[in-house]
$ cat work25.txt   # compact mmCIF, C-alpha atoms
# COMPACT_ATOMS: atom_id res chain seq x y z
CA MET M 1 9.24 47.60 42.80
CA MET M 2 11.39 47.41 39.68
CA CYS M 3 11.59 50.73 37.93
CA GLY M 4 9.11 51.25 35.11
CA LYS M 5 11.80 51.74 32.46
CA ARG M 6 13.70 48.61 33.44
CA ARG M 7 10.52 46.58 33.63
CA LEU M 8 9.63 47.83 30.17
CA LEU M 9 13.10 46.88 28.87
CA VAL M 10 12.81 43.35 30.23
CA VAL M 11 9.38 42.91 28.69
CA LEU M 12 10.57 44.34 25.36
CA ALA M 13 13.60 42.04 25.34
CA GLY M 14 11.30 39.10 26.00
CA LEU M 15 8.99 40.16 23.19
CA ALA M 16 11.98 40.63 20.88
CA ALA M 17 12.76 36.97 21.39
CA VAL M 18 9.24 35.57 21.19
CA VAL M 19 7.70 37.71 18.45
CA PRO M 20 10.17 36.68 15.69
CA ALA M 21 9.65 33.04 16.65
CA VAL M 22 5.88 33.42 16.36
CA MET M 23 6.29 35.31 13.09
CA LEU M 24 8.48 32.51 11.76
CA TRP M 25 5.90 29.95 12.85
CA ASP M 26 3.24 31.91 10.98
CA ALA M 27 5.37 32.46 7.89
CA THR M 28 6.36 28.82 7.56
CA GLY M 29 2.92 27.35 7.61
CA ARG M 30 1.84 27.20 11.26
CA ARG M 31 2.89 23.59 11.72
CA VAL M 32 2.44 21.89 15.02
CA PHE M 33 5.81 20.15 14.87
CA THR M 34 9.00 21.65 13.49
CA PHE M 35 9.63 20.28 10.00
CA PHE M 36 12.91 20.13 8.13
CA PRO M 37 13.03 19.30 4.41
CA SER M 38 13.20 15.52 4.10
CA ASP M 39 15.46 13.75 1.59
CA ASP M 40 12.97 10.90 1.33
CA LEU M 41 10.16 13.25 0.42
CA ALA M 42 12.41 15.19 -1.97
CA LYS M 43 13.18 11.96 -3.86
CA LEU M 44 9.49 11.08 -4.00
CA GLN M 45 8.62 14.59 -5.14
CA GLN M 46 11.24 14.44 -7.85
CA ALA M 47 9.83 11.16 -9.12
CA ASP M 48 6.31 12.58 -9.38
CA GLY M 49 4.94 12.11 -12.86
CA SER M 50 7.77 9.85 -13.98
CA LEU M 51 5.30 7.03 -14.56
CA THR M 52 1.82 8.51 -14.26
CA GLY M 53 2.87 11.40 -16.49
CA LEU M 54 2.84 8.94 -19.41
CA PHE M 55 -0.91 8.52 -19.01
CA GLY M 56 -2.02 12.07 -18.35
CA GLY M 57 -5.16 12.39 -16.25
CA GLN M 58 -5.04 12.93 -12.52
CA LYS M 59 -1.83 14.18 -10.94
CA ASN M 60 -0.61 13.79 -7.42
CA THR M 61 -0.95 16.74 -5.08
CA PRO M 62 2.54 18.21 -4.60
CA ILE M 63 4.35 17.15 -1.45
CA ARG M 64 4.95 19.96 0.99
CA ASN M 65 8.59 19.60 1.93
CA ASP M 66 9.76 22.98 3.19
CA PHE M 67 11.03 24.14 6.55
CA GLY M 68 8.38 24.93 9.15
CA LEU M 69 9.06 26.16 12.64
CA GLY M 70 6.54 24.27 14.70
CA LEU M 71 4.91 25.12 17.97
CA LEU M 72 6.44 21.97 19.42
CA PRO M 73 9.82 20.33 18.90
CA SER M 74 9.85 17.32 16.57
CA GLY M 75 12.62 15.37 18.24
CA ALA M 76 16.17 15.61 19.45
CA GLY M 77 18.95 17.54 17.69
CA GLN M 78 17.84 20.14 15.18
CA GLY M 79 14.25 19.01 15.74
CA MET M 80 14.38 20.68 19.16
CA ILE M 81 14.01 24.12 17.62
CA SER M 82 10.43 25.36 18.01
CA VAL M 83 8.31 28.25 19.24
CA LEU M 84 8.01 26.49 22.56
CA THR M 85 11.77 26.02 23.00
CA PHE M 86 12.31 29.71 22.16
CA ALA M 87 9.49 31.11 24.18
CA LEU M 88 9.52 28.98 27.31
CA PRO M 89 13.03 29.82 28.60
CA VAL M 90 12.61 33.45 27.61
CA GLY M 91 9.26 33.62 29.36
CA VAL M 92 10.68 32.04 32.50
CA VAL M 93 13.65 34.41 32.56
CA VAL M 94 11.41 37.45 32.01
CA LEU M 95 9.13 36.32 34.79
CA VAL M 96 12.02 35.70 37.18
CA SER M 97 13.52 39.07 36.31
CA LEU M 98 10.28 40.88 36.94
CA LEU M 99 9.54 39.09 40.20
CA SER M 100 13.08 39.21 41.57
CA GLY M 101 13.24 42.96 41.04
CA LYS M 102 10.28 43.75 43.28
CA HIS M 103 12.47 44.81 46.28
CA GLU M 104 14.70 47.02 44.18
CA VAL M 105 14.56 50.70 45.07
CA CYS M 106 14.25 53.04 42.16
CA GLU M 107 16.94 55.67 41.94
CA VAL M 108 15.57 59.17 42.00
CA SER M 109 17.64 61.72 40.17
CA MET D 110 24.89 43.01 54.52
CA ARG D 111 21.93 40.81 53.62
CA GLY D 112 20.43 43.75 51.72
CA ASN D 113 23.62 44.22 49.68
CA ARG D 114 23.75 40.52 48.80
CA GLY D 115 20.10 40.70 47.82
CA LYS D 116 20.72 43.69 45.59
CA GLN D 117 23.72 41.98 43.98
CA GLY D 118 21.62 38.86 43.38
CA VAL D 119 18.85 40.87 41.83
CA ALA D 120 21.29 42.75 39.63
CA ALA D 121 22.94 39.49 38.57
CA GLY D 122 19.55 37.94 37.86
CA ARG D 123 18.56 40.92 35.80
CA ARG D 124 21.77 40.80 33.81
CA LEU D 125 21.29 37.08 33.22
CA GLY D 126 17.71 37.68 32.17
CA ALA D 127 18.64 40.42 29.78
CA ALA D 128 21.49 38.38 28.34
CA THR D 129 19.24 35.35 27.81
CA CYS D 130 16.58 37.46 26.17
CA VAL D 131 19.11 38.98 23.79
CA ALA D 132 20.60 35.56 23.02
CA ALA D 133 17.17 34.08 22.37
CA ALA D 134 16.22 37.02 20.19
CA GLY D 135 19.42 36.59 18.24
CA LEU D 136 18.78 32.88 17.82
CA ALA D 137 15.23 33.51 16.64
CA ALA D 138 16.44 36.15 14.21
CA LEU D 139 19.14 33.81 12.91
CA SER D 140 16.56 31.06 12.43
CA LEU D 141 14.29 33.46 10.57
CA GLY D 142 17.14 34.46 8.30
CA TRP D 143 18.30 30.87 7.81
CA ALA D 144 14.89 29.47 7.10
CA THR D 145 13.96 32.10 4.57
CA GLN D 146 17.30 32.47 2.83
CA PRO D 147 17.22 31.66 -0.87
CA SER D 148 19.93 29.02 -0.51
CA LEU D 149 17.44 26.64 1.11
CA PRO D 150 17.06 23.59 -1.13
CA THR D 151 14.77 25.10 -3.72
CA LYS D 152 16.12 22.67 -6.29
CA LEU D 153 15.61 19.10 -5.34
CA PRO D 154 18.64 16.83 -5.27
CA GLU D 155 19.24 14.34 -8.03
CA ALA D 156 17.45 11.10 -7.36
CA PRO D 157 19.92 8.28 -6.88
CA LYS D 158 19.93 5.54 -9.47
CA LEU D 159 17.87 2.63 -8.32
CA PRO D 160 19.93 -0.44 -7.63
CA GLU D 161 19.34 -3.24 -10.07
CA ARG D 162 17.38 -5.95 -8.48
CA PRO D 163 18.38 -9.55 -9.01
CA GLN D 164 16.20 -11.55 -11.36
CA LEU D 165 14.53 -14.42 -9.62
CA PRO D 166 14.58 -17.30 -12.09
CA GLY D 167 11.30 -19.08 -12.52
CA LYS D 168 9.37 -16.90 -10.11
CA TYR D 169 7.88 -14.59 -12.67
CA PRO D 170 7.00 -15.16 -16.27
CA MET D 171 9.39 -12.50 -17.51
CA ILE D 172 9.18 -11.15 -20.97
CA PRO D 173 11.99 -12.93 -22.83
CA GLY D 174 14.94 -10.78 -23.70
CA ARG D 175 13.83 -7.87 -21.53
CA GLU D 176 15.11 -6.67 -18.24
CA PRO D 177 12.65 -7.04 -15.37
CA THR D 178 11.57 -3.79 -13.85
CA GLY D 179 12.13 -5.08 -10.41
CA PRO D 180 11.16 -8.39 -8.90
CA SER D 181 12.10 -8.38 -5.27
CA LYS D 182 11.50 -10.41 -2.16
CA ASP D 183 8.51 -8.18 -1.38
CA ASP D 184 6.71 -9.04 -4.61
CA ILE D 185 3.62 -11.20 -4.47
CA GLU D 186 3.67 -14.32 -6.56
CA VAL D 187 0.77 -14.56 -9.00
CA PRO D 188 -1.18 -17.78 -8.36
CA PRO D 189 -1.20 -19.96 -11.51
CA ARG D 190 -4.99 -20.13 -11.38
CA GLU D 191 -5.23 -16.35 -11.63
CA MET D 192 -2.62 -16.16 -14.36
CA GLN D 193 -5.01 -18.09 -16.58
CA LEU D 194 -7.69 -15.42 -16.20
CA GLY D 195 -6.14 -12.89 -18.55
CA VAL D 196 -3.31 -10.45 -18.95
CA VAL D 197 -1.09 -10.22 -15.88
CA TYR D 198 0.39 -6.89 -14.78
CA ARG D 199 2.85 -6.27 -11.97
CA THR D 200 3.34 -3.04 -10.02
CA ILE D 201 6.31 -0.87 -10.85
CA SER D 202 7.69 -0.06 -7.44
CA GLY D 203 10.39 2.21 -6.10
CA LYS D 204 9.79 5.11 -8.46
CA GLU D 205 6.76 7.33 -8.10
CA ARG D 206 4.73 7.46 -4.90
CA GLN D 207 1.98 4.88 -5.01
CA VAL D 208 0.05 5.47 -1.81
CA THR D 209 -0.60 8.83 -0.17
CA PHE D 210 -2.50 9.15 3.09
CA THR D 211 -3.80 12.33 4.68
CA SER D 212 -4.96 12.96 8.21
CA GLU D 213 -6.86 16.22 8.68
CA ALA D 214 -7.14 16.47 12.44
CA LEU D 215 -8.31 19.41 14.50
CA ASN D 216 -4.76 20.24 15.57
CA GLU D 217 -2.62 18.95 12.76
CA ARG D 218 -2.51 17.88 9.12
CA ILE D 219 -0.27 14.94 8.28
CA ASN D 220 0.62 13.46 4.90
CA GLY D 221 2.36 10.15 4.46
CA PHE D 222 3.66 8.42 1.38
CA THR D 223 5.13 5.18 0.11
CA ASN D 224 6.50 4.12 -3.25
CA ASP D 225 7.06 0.56 -2.13
CA VAL D 226 3.81 -1.10 -3.15
CA HIS D 227 4.21 -4.59 -4.59
CA GLY D 228 1.54 -6.67 -6.21
CA TYR D 229 -0.22 -7.63 -9.39
CA ALA D 230 -3.48 -7.29 -11.27
CA VAL D 231 -5.03 -9.56 -13.87
CA ARG D 232 -7.14 -8.00 -16.59
CA GLY D 233 -9.60 -9.95 -18.68
CA GLY D 234 -11.52 -9.08 -21.78
CA ASP D 235 -9.99 -7.57 -24.88
CA ALA D 236 -7.06 -5.23 -25.13
CA ILE D 237 -9.06 -2.18 -24.12
CA SER D 238 -11.09 -3.68 -21.32
CA ALA D 239 -10.88 -2.60 -17.70
CA ASP D 240 -12.50 -5.83 -16.61
CA LEU D 241 -10.14 -6.77 -13.80
CA LYS D 242 -10.28 -10.42 -12.84
CA ALA D 243 -7.90 -10.62 -9.92
CA GLY D 244 -5.36 -8.55 -8.06
CA ARG D 245 -3.53 -8.07 -4.83
CA TRP D 246 -1.10 -5.43 -3.67
CA ARG D 247 0.51 -4.46 -0.41
CA PHE D 248 3.16 -2.28 1.20
CA LYS D 249 5.15 -2.46 4.36
CA VAL D 250 4.06 -0.21 7.20
CA ASP D 251 7.68 0.80 7.80
CA SER D 252 7.95 2.08 4.23
CA LEU D 253 5.61 4.99 5.01
CA ARG D 254 7.31 8.39 5.12
CA THR D 255 5.80 11.54 6.63
CA GLY D 256 8.88 13.75 6.54
CA ILE D 257 9.55 13.54 10.28
CA ALA D 258 11.60 10.51 11.28
CA MET D 259 10.21 10.44 14.80
CA ARG D 260 6.66 10.32 13.45
CA ASP D 261 7.55 7.56 10.97
CA GLN D 262 8.87 5.58 13.91
CA HIS D 263 5.71 6.22 15.94
CA LEU D 264 3.58 4.89 13.07
CA THR D 265 5.21 1.49 13.38
CA GLU D 266 4.76 1.22 17.15
CA PRO D 267 2.22 -1.06 18.86
CA ASN D 268 -0.27 1.71 19.68
CA TRP D 269 -0.39 2.67 16.01
CA LEU D 270 0.00 0.23 13.10
CA ASP D 271 2.22 -2.23 14.98
CA ALA D 272 4.63 -3.09 12.18
CA ALA D 273 6.27 -5.86 14.18
CA LYS D 274 3.01 -7.78 14.45
CA PHE D 275 1.27 -6.62 11.26
CA PRO D 276 4.00 -5.63 8.80
CA TYR D 277 1.81 -5.12 5.72
CA VAL D 278 -1.17 -3.09 4.60
CA GLU D 279 -2.81 -5.12 1.87
CA PHE D 280 -5.62 -4.88 -0.64
CA THR D 281 -7.08 -7.98 -2.25
CA PHE D 282 -9.21 -7.29 -5.29
CA LYS D 283 -12.52 -9.15 -5.59
CA LYS D 284 -14.67 -7.50 -8.23
CA VAL D 285 -14.96 -4.54 -10.57
CA LYS D 286 -18.29 -3.03 -11.57
CA ASP D 287 -19.85 0.07 -13.14
CA ILE D 288 -17.12 0.28 -15.78
CA LYS D 289 -17.59 3.37 -17.92
CA PRO D 290 -15.17 4.69 -20.54
CA VAL D 291 -13.86 8.20 -19.99
CA ASP D 292 -13.98 10.51 -22.95
CA ALA D 293 -10.37 11.41 -23.64
CA ASP D 294 -11.33 14.94 -24.64
CA ALA D 295 -13.34 15.61 -21.51
CA ALA D 296 -11.77 16.43 -18.19
CA LEU D 297 -12.03 13.75 -15.56
CA ASP D 298 -14.70 14.47 -13.03
CA THR D 299 -12.39 15.26 -10.17
CA SER D 300 -11.30 18.13 -8.00
CA GLU D 301 -7.72 16.89 -8.09
CA PRO D 302 -5.15 18.49 -10.37
CA HIS D 303 -5.18 16.78 -13.72
CA GLU D 304 -4.15 17.10 -17.33
CA PRO D 305 -5.57 15.72 -20.59
CA LEU D 306 -5.12 12.02 -21.20
CA THR D 307 -2.26 10.97 -23.41
CA LYS D 308 -3.30 10.34 -26.99
CA ASP D 309 -3.02 6.55 -26.88
CA ALA D 310 -4.35 6.12 -23.35
CA LYS D 311 -7.80 4.72 -22.73
CA ALA D 312 -9.39 5.43 -19.36
CA PHE D 313 -12.35 3.95 -17.52
CA THR D 314 -14.06 4.84 -14.29
CA CYS D 315 -15.30 1.97 -12.17
CA THR D 316 -16.01 0.71 -8.68
CA LEU D 317 -13.56 -1.69 -7.10
CA GLU D 318 -14.58 -4.19 -4.48
CA GLY D 319 -12.13 -6.03 -2.34
CA GLU D 320 -10.71 -6.61 1.10
CA LEU D 321 -8.46 -4.19 2.91
CA THR D 322 -6.19 -5.56 5.60
CA LEU D 323 -4.79 -3.02 8.05
CA HIS D 324 -3.42 -3.61 11.52
CA GLY D 325 -4.29 -7.29 11.17
CA VAL D 326 -7.99 -6.57 10.56
CA THR D 327 -9.50 -7.49 7.21
CA LYS D 328 -12.65 -5.73 6.03
CA SER D 329 -14.61 -5.76 2.79
CA VAL D 330 -14.49 -2.40 1.06
CA THR D 331 -16.24 -0.86 -1.92
CA LEU D 332 -14.24 1.86 -3.63
CA PRO D 333 -16.25 3.94 -6.09
CA GLY D 334 -14.63 6.48 -8.40
CA ALA D 335 -11.64 4.34 -9.30
CA THR D 336 -9.91 5.05 -12.61
CA ILE D 337 -8.23 2.41 -14.72
CA THR D 338 -6.13 3.67 -17.61
CA LEU D 339 -4.52 1.50 -20.27
CA LEU D 340 -1.54 2.54 -22.32
CA PRO D 341 -0.05 0.37 -25.07
CA GLU D 342 3.70 -0.07 -25.20
CA SER D 343 5.54 2.58 -27.15
CA GLU D 344 9.09 3.82 -27.55
CA GLU D 345 8.39 6.30 -24.76
CA THR D 346 6.95 3.76 -22.30
CA LYS D 347 9.74 1.28 -23.02
CA LYS D 348 12.24 3.74 -21.57
CA LEU D 349 10.58 3.29 -18.19
CA ALA D 350 9.16 -0.21 -18.25
CA PRO D 351 8.62 -2.93 -20.80
CA GLY D 352 5.19 -4.02 -21.91
CA ASN D 353 1.78 -2.41 -22.01
CA LEU D 354 1.02 -0.29 -18.97
CA MET D 355 -2.01 -0.01 -16.76
CA ARG D 356 -2.71 2.62 -14.12
CA ILE D 357 -5.13 2.01 -11.26
CA ARG D 358 -6.01 5.04 -9.20
CA VAL D 359 -8.55 5.18 -6.42
CA ALA D 360 -9.20 7.56 -3.54
CA TYR D 361 -11.04 6.41 -0.43
CA ASP D 362 -11.36 6.93 3.31
CA VAL D 363 -10.85 4.51 6.17
CA LEU D 364 -11.84 4.83 9.80
CA LEU D 365 -8.93 3.83 12.02
CA SER D 366 -11.28 2.50 14.68
CA ASP D 367 -12.67 0.00 12.14
CA TYR D 368 -9.22 -1.54 12.02
CA GLY D 369 -8.55 -1.52 15.74
CA VAL D 370 -6.26 1.53 15.75
CA SER D 371 -7.23 3.72 18.67
CA ASN D 372 -5.30 5.80 21.18
CA ASP D 373 -5.36 9.11 23.06
CA ILE D 374 -3.67 11.04 20.27
CA ILE D 375 -6.64 10.27 18.02
CA ALA D 376 -9.45 10.37 20.56
CA VAL D 377 -8.36 13.02 23.07
CA ARG D 378 -5.52 15.12 21.72
CA LYS D 379 -6.99 15.21 18.19
CA LYS D 380 -3.63 15.29 16.47
CA VAL D 381 -4.47 12.45 14.12
CA ALA D 382 -7.87 12.19 12.47
CA GLU D 383 -10.11 9.21 12.99
CA LYS D 384 -10.83 9.27 9.24
CA ILE D 385 -7.77 8.83 7.02
CA SER D 386 -7.96 9.69 3.33
CA ILE D 387 -5.96 7.40 1.09
CA VAL D 388 -5.03 7.74 -2.56
CA THR D 389 -3.68 4.63 -4.24
CA ASP D 390 -2.08 5.30 -7.61
CA LEU D 391 -0.41 2.25 -9.11
CA VAL D 392 1.30 1.90 -12.46
CA LEU D 393 1.68 -1.70 -13.55
CA ASN D 394 3.38 -3.24 -16.55
CA GLN D 395 2.31 -6.31 -18.44
CA ILE D 396 4.35 -9.37 -17.66
CA SER D 397 2.23 -12.14 -19.12
CA PRO D 398 1.60 -13.01 -21.85
CA ALA D 399 4.66 -11.40 -23.36
CA VAL D 400 3.79 -8.43 -25.51
CA ASP D 401 5.68 -9.90 -28.45
CA GLU D 402 3.38 -12.90 -28.45
CA GLN D 403 0.36 -10.62 -28.71
CA SER D 404 1.73 -8.26 -31.27
CA LEU D 405 -0.03 -9.99 -34.10
CA PRO D 406 -1.95 -7.53 -36.21
CA GLY D 407 -5.33 -6.76 -34.75
CA LYS D 408 -4.78 -8.76 -31.59
CA LEU D 409 -3.11 -6.44 -29.13
CA ILE D 410 -3.86 -3.01 -30.41
CA PRO D 411 -7.47 -2.41 -31.32
CA LYS D 412 -8.40 -0.01 -34.06
CA ASP D 413 -9.02 2.99 -31.87
CA LEU D 414 -5.68 2.63 -30.06
CA ALA D 415 -3.57 1.61 -33.01
CA PRO D 416 -1.45 4.25 -34.68
CA ASP D 417 -2.56 5.24 -38.12
CA ARG D 418 -1.05 2.89 -40.64
CA PRO D 419 -0.28 4.05 -44.16
CA LYS D 420 -2.86 2.85 -46.55
CA VAL D 421 -1.61 0.34 -49.10
CA PRO D 422 -2.57 1.52 -52.53
CA GLU D 423 -4.93 -0.80 -54.25
CA LYS D 424 -3.48 -2.66 -57.17
CA PRO D 425 -4.79 -1.32 -60.45
CA GLU D 426 -6.86 -3.78 -62.32
CA LEU D 427 -4.97 -5.15 -65.21
CA PRO D 428 -6.75 -5.08 -68.46
CA ARG D 429 -8.12 -8.40 -69.40
CA PRO D 430 -6.02 -10.21 -71.89
CA PHE D 431 -7.49 -10.68 -75.22
CA PRO D 432 -8.94 -14.05 -75.78

$ encode --input "work25.txt" --output "structure tokens"
Amino acid sequence: MMCGKRRLLVVLAGLAAVVPAVMLWDATGRRVFTFFPSDDLAKLQQADGSLTGLFGGQKNTPIRNDFGLGLLPSGAGQGMISVLTFALPVGVVVLVSLLSGKHEVCEVS
Amino acid sequence: MRGNRGKQGVAAGRRLGAATCVAAAGLAALSLGWATQPSLPTKLPEAPKLPERPQLPGKYPMIPGREPTGPSKDDIEVPPREMQLGVVYRTISGKERQVTFTSEALNERINGFTNDVHGYAVRGGDAISADLKAGRWRFKVDSLRTGIAMRDQHLTEPNWLDAAKFPYVEFTFKKVKDIKPVDADAALDTSEPHEPLTKDAKAFTCTLEGELTLHGVTKSVTLPGATITLLPESEETKKLAPGNLMRIRVAYDVLLSDYGVSNDIIAVRKKVAEKISIVTDLVLNQISPAVDEQSLPGKLIPKDLAPDRPKVPEKPELPRPFP
């Protein structure tokens, strides 16, 4: 079996990769898909009230147009970044490391 | 020998694992720093100037001597029969968002927007009447924006709104009823964010009836809680659009299955709600008859909308001449 300390290190390294990603997902609004600020939405947001503001009365709900790390990727390129794309490779590597170390003999000092 | 190779493999695997973990952690940390840094676009970029659209001669009864606010190939021509029914208004497109839709699904919330609604409305009655007589407006499916390009593309595909086959979402007005004036001093009965009405604006709540065409399916709809607001032309409004303005705002829900839109993402994966909430908020400007023609005293601006005019002092009675 892999030594306890090394096993712990592998698990901690895995957590060090996954936990910030999950924290970022939480901090940026828990979106399902990764969201990058959109120029189209920014232009629409900027135009809010340009006409209806003359009347007063009801206003549009503000458009949410900020970065959000999603659970899933939202496409190719920068849209690939997501909790899944962080966590999946890390999880696989951690698992492989833990399983492949099962025949290792612990050194006894 | 085999044992040594095995040990080397294990050691190499462990090193690779550790290196990947560290790299991934670094990447995640970088992303966290990047996404939360203050230099993220907190200030929105300047909106580009809208390109001037070519005036289509003869298509619209433009106000003489004034620049059109934007006839385009997407505009709907007002039938002559409907033009006779009253004052004709045309949508001001390409500026503020005019349609917002929201899907509140179990697994995701999606908002979509368009500012590319084209159409008209005809208002009867006097200058402060919300008695709509006719109207029709529509937008292209591919003008909807959700903020994720891939999702915008999906919306236009055959298993969604099928933009190739059914390019427009359209509303045809049929009737207005339950028209009630809104007290300018009182807040509108709504949970939406709002502010007091502008001094010269006159608002009415009403119920709109019409036909909604989506995904090639046309259904009669009744939309209670609509608000129609009228605003006479002023120096301030002229900066944005010529003529008197009218705002039509209505919020309603549609069931996608009613319009033949159904797929696994709605029914099984629950990423898009079956019920879609829509807010239509149109600002239209008067195009016919020309405001100048109506600007005769007492014709366009009724007493309660007209600005206070200085009182003309009465002429003093001259003393009667002696016989």

$ closest_atom_pairs --input "work25.txt" --of "chain M" --to "chain D" --cutoff "8 Å" --atoms "all atoms listed in the file" --output "Markdown table"
| residue | atom | partner | partner_atom | distance |
| --- | --- | --- | --- | --- |
| M:Val10 | CA | D:Ala127 | CA | 6.5 |
| M:Ala13 | CA | D:Cys130 | CA | 5.5 |
| M:Gly14 | CA | D:Cys130 | CA | 5.5 |
| M:Ala16 | CA | D:Ala134 | CA | 5.6 |
| M:Ala17 | CA | D:Ala134 | CA | 3.7 |
| M:Val18 | CA | D:Ala134 | CA | 7.2 |
| M:Pro20 | CA | D:Ala137 | CA | 6.0 |
| M:Ala21 | CA | D:Ala137 | CA | 5.6 |
| M:Leu24 | CA | D:Leu141 | CA | 6.0 |
| M:Arg31 | CA | D:Glu217 | CA | 7.3 |
| M:Val32 | CA | D:Glu217 | CA | 6.3 |
| M:Phe35 | CA | D:Ile257 | CA | 6.7 |
| M:Phe36 | CA | D:Ile257 | CA | 7.7 |
| M:Pro37 | CA | D:Gly256 | CA | 7.2 |
| M:Ser38 | CA | D:Gly256 | CA | 5.3 |
| M:Asp40 | CA | D:Gly256 | CA | 7.2 |
| M:Leu41 | CA | D:Gly256 | CA | 6.3 |
| M:Ala42 | CA | D:Leu153 | CA | 6.1 |
| M:Lys43 | CA | D:Ala156 | CA | 5.6 |
| M:Leu44 | CA | D:Arg206 | CA | 6.0 |
| M:Gln46 | CA | D:Leu153 | CA | 6.9 |
| M:Ala47 | CA | D:Glu205 | CA | 5.0 |
| M:Asp48 | CA | D:Glu205 | CA | 5.4 |
| M:Gly49 | CA | D:Glu205 | CA | 7.0 |
| M:Ser50 | CA | D:Glu205 | CA | 6.5 |
| M:Leu51 | CA | D:Glu205 | CA | 6.6 |
| M:Thr52 | CA | D:Val392 | CA | 6.9 |
| M:Leu54 | CA | D:Thr307 | CA | 6.8 |
| M:Phe55 | CA | D:Thr307 | CA | 5.2 |
| M:Gly56 | CA | D:Leu306 | CA | 4.2 |
| M:Gly57 | CA | D:Glu304 | CA | 4.9 |
| M:Gln58 | CA | D:His303 | CA | 4.0 |
| M:Lys59 | CA | D:His303 | CA | 5.1 |
| M:Asn60 | CA | D:Pro302 | CA | 7.2 |
| M:Thr61 | CA | D:Pro302 | CA | 7.0 |
| M:Asn65 | CA | D:Gly256 | CA | 7.5 |
| M:Phe67 | CA | D:Ala144 | CA | 6.6 |
| M:Ser74 | CA | D:Met259 | CA | 7.1 |
| M:Gly75 | CA | D:Met259 | CA | 6.5 |
| M:Phe86 | CA | D:Ala133 | CA | 6.5 |
| M:Val90 | CA | D:Cys130 | CA | 5.8 |
| M:Val93 | CA | D:Gly126 | CA | 5.2 |
| M:Val94 | CA | D:Gly126 | CA | 6.3 |
| M:Val96 | CA | D:Gly126 | CA | 7.8 |
| M:Ser97 | CA | D:Arg123 | CA | 5.4 |
| M:Ser100 | CA | D:Val119 | CA | 6.0 |
| M:Gly101 | CA | D:Val119 | CA | 6.0 |
| M:Glu104 | CA | D:Lys116 | CA | 7.0 |

$ write_last_selection --input "work25.txt" --atoms "C-alpha atoms" --output "mmCIF file, keeping the file's coordinate frame"
data_model
loop_
_atom_site.group_PDB
_atom_site.id
_atom_site.type_symbol
_atom_site.label_atom_id
_atom_site.label_comp_id
_atom_site.auth_asym_id
_atom_site.auth_seq_id
_atom_site.Cartn_x
_atom_site.Cartn_y
_atom_site.Cartn_z
ATOM 1 C CA VAL M 10 12.810 43.350 30.230
ATOM 2 C CA ALA M 13 13.600 42.040 25.340
ATOM 3 C CA GLY M 14 11.300 39.100 26.000
ATOM 4 C CA ALA M 16 11.980 40.630 20.880
ATOM 5 C CA ALA M 17 12.760 36.970 21.390
ATOM 6 C CA VAL M 18 9.240 35.570 21.190
ATOM 7 C CA PRO M 20 10.170 36.680 15.690
ATOM 8 C CA ALA M 21 9.650 33.040 16.650
ATOM 9 C CA LEU M 24 8.480 32.510 11.760
ATOM 10 C CA ARG M 31 2.890 23.590 11.720
ATOM 11 C CA VAL M 32 2.440 21.890 15.020
ATOM 12 C CA PHE M 35 9.630 20.280 10.000
ATOM 13 C CA PHE M 36 12.910 20.130 8.130
ATOM 14 C CA PRO M 37 13.030 19.300 4.410
ATOM 15 C CA SER M 38 13.200 15.520 4.100
ATOM 16 C CA ASP M 40 12.970 10.900 1.330
ATOM 17 C CA LEU M 41 10.160 13.250 0.420
ATOM 18 C CA ALA M 42 12.410 15.190 -1.970
ATOM 19 C CA LYS M 43 13.180 11.960 -3.860
ATOM 20 C CA LEU M 44 9.490 11.080 -4.000
ATOM 21 C CA GLN M 46 11.240 14.440 -7.850
ATOM 22 C CA ALA M 47 9.830 11.160 -9.120
ATOM 23 C CA ASP M 48 6.310 12.580 -9.380
ATOM 24 C CA GLY M 49 4.940 12.110 -12.860
ATOM 25 C CA SER M 50 7.770 9.850 -13.980
ATOM 26 C CA LEU M 51 5.300 7.030 -14.560
ATOM 27 C CA THR M 52 1.820 8.510 -14.260
ATOM 28 C CA LEU M 54 2.840 8.940 -19.410
ATOM 29 C CA PHE M 55 -0.910 8.520 -19.010
ATOM 30 C CA GLY M 56 -2.020 12.070 -18.350
ATOM 31 C CA GLY M 57 -5.160 12.390 -16.250
ATOM 32 C CA GLN M 58 -5.040 12.930 -12.520
ATOM 33 C CA LYS M 59 -1.830 14.180 -10.940
ATOM 34 C CA ASN M 60 -0.610 13.790 -7.420
ATOM 35 C CA THR M 61 -0.950 16.740 -5.080
ATOM 36 C CA ASN M 65 8.590 19.600 1.930
ATOM 37 C CA PHE M 67 11.030 24.140 6.550
ATOM 38 C CA SER M 74 9.850 17.320 16.570
ATOM 39 C CA GLY M 75 12.620 15.370 18.240
ATOM 40 C CA PHE M 86 12.310 29.710 22.160
ATOM 41 C CA VAL M 90 12.610 33.450 27.610
ATOM 42 C CA VAL M 93 13.650 34.410 32.560
ATOM 43 C CA VAL M 94 11.410 37.450 32.010
ATOM 44 C CA VAL M 96 12.020 35.700 37.180
ATOM 45 C CA SER M 97 13.520 39.070 36.310
ATOM 46 C CA SER M 100 13.080 39.210 41.570
ATOM 47 C CA GLY M 101 13.240 42.960 41.040
ATOM 48 C CA GLU M 104 14.700 47.020 44.180
#

$ atom_distance --input "work25.txt" --atom1 "atom CA of Thr389 of chain D" --atom2 "atom CA of Thr322 of chain D"
14.4 Å

$ atom_distance --input "work25.txt" --atom1 "atom CA of Gly233 of chain D" --atom2 "atom CA of Met192 of chain D"
10.3 Å

$ atom_distance --input "work25.txt" --atom1 "atom CA of Val363 of chain D" --atom2 "atom CA of Gly29 of chain M"
26.7 Å
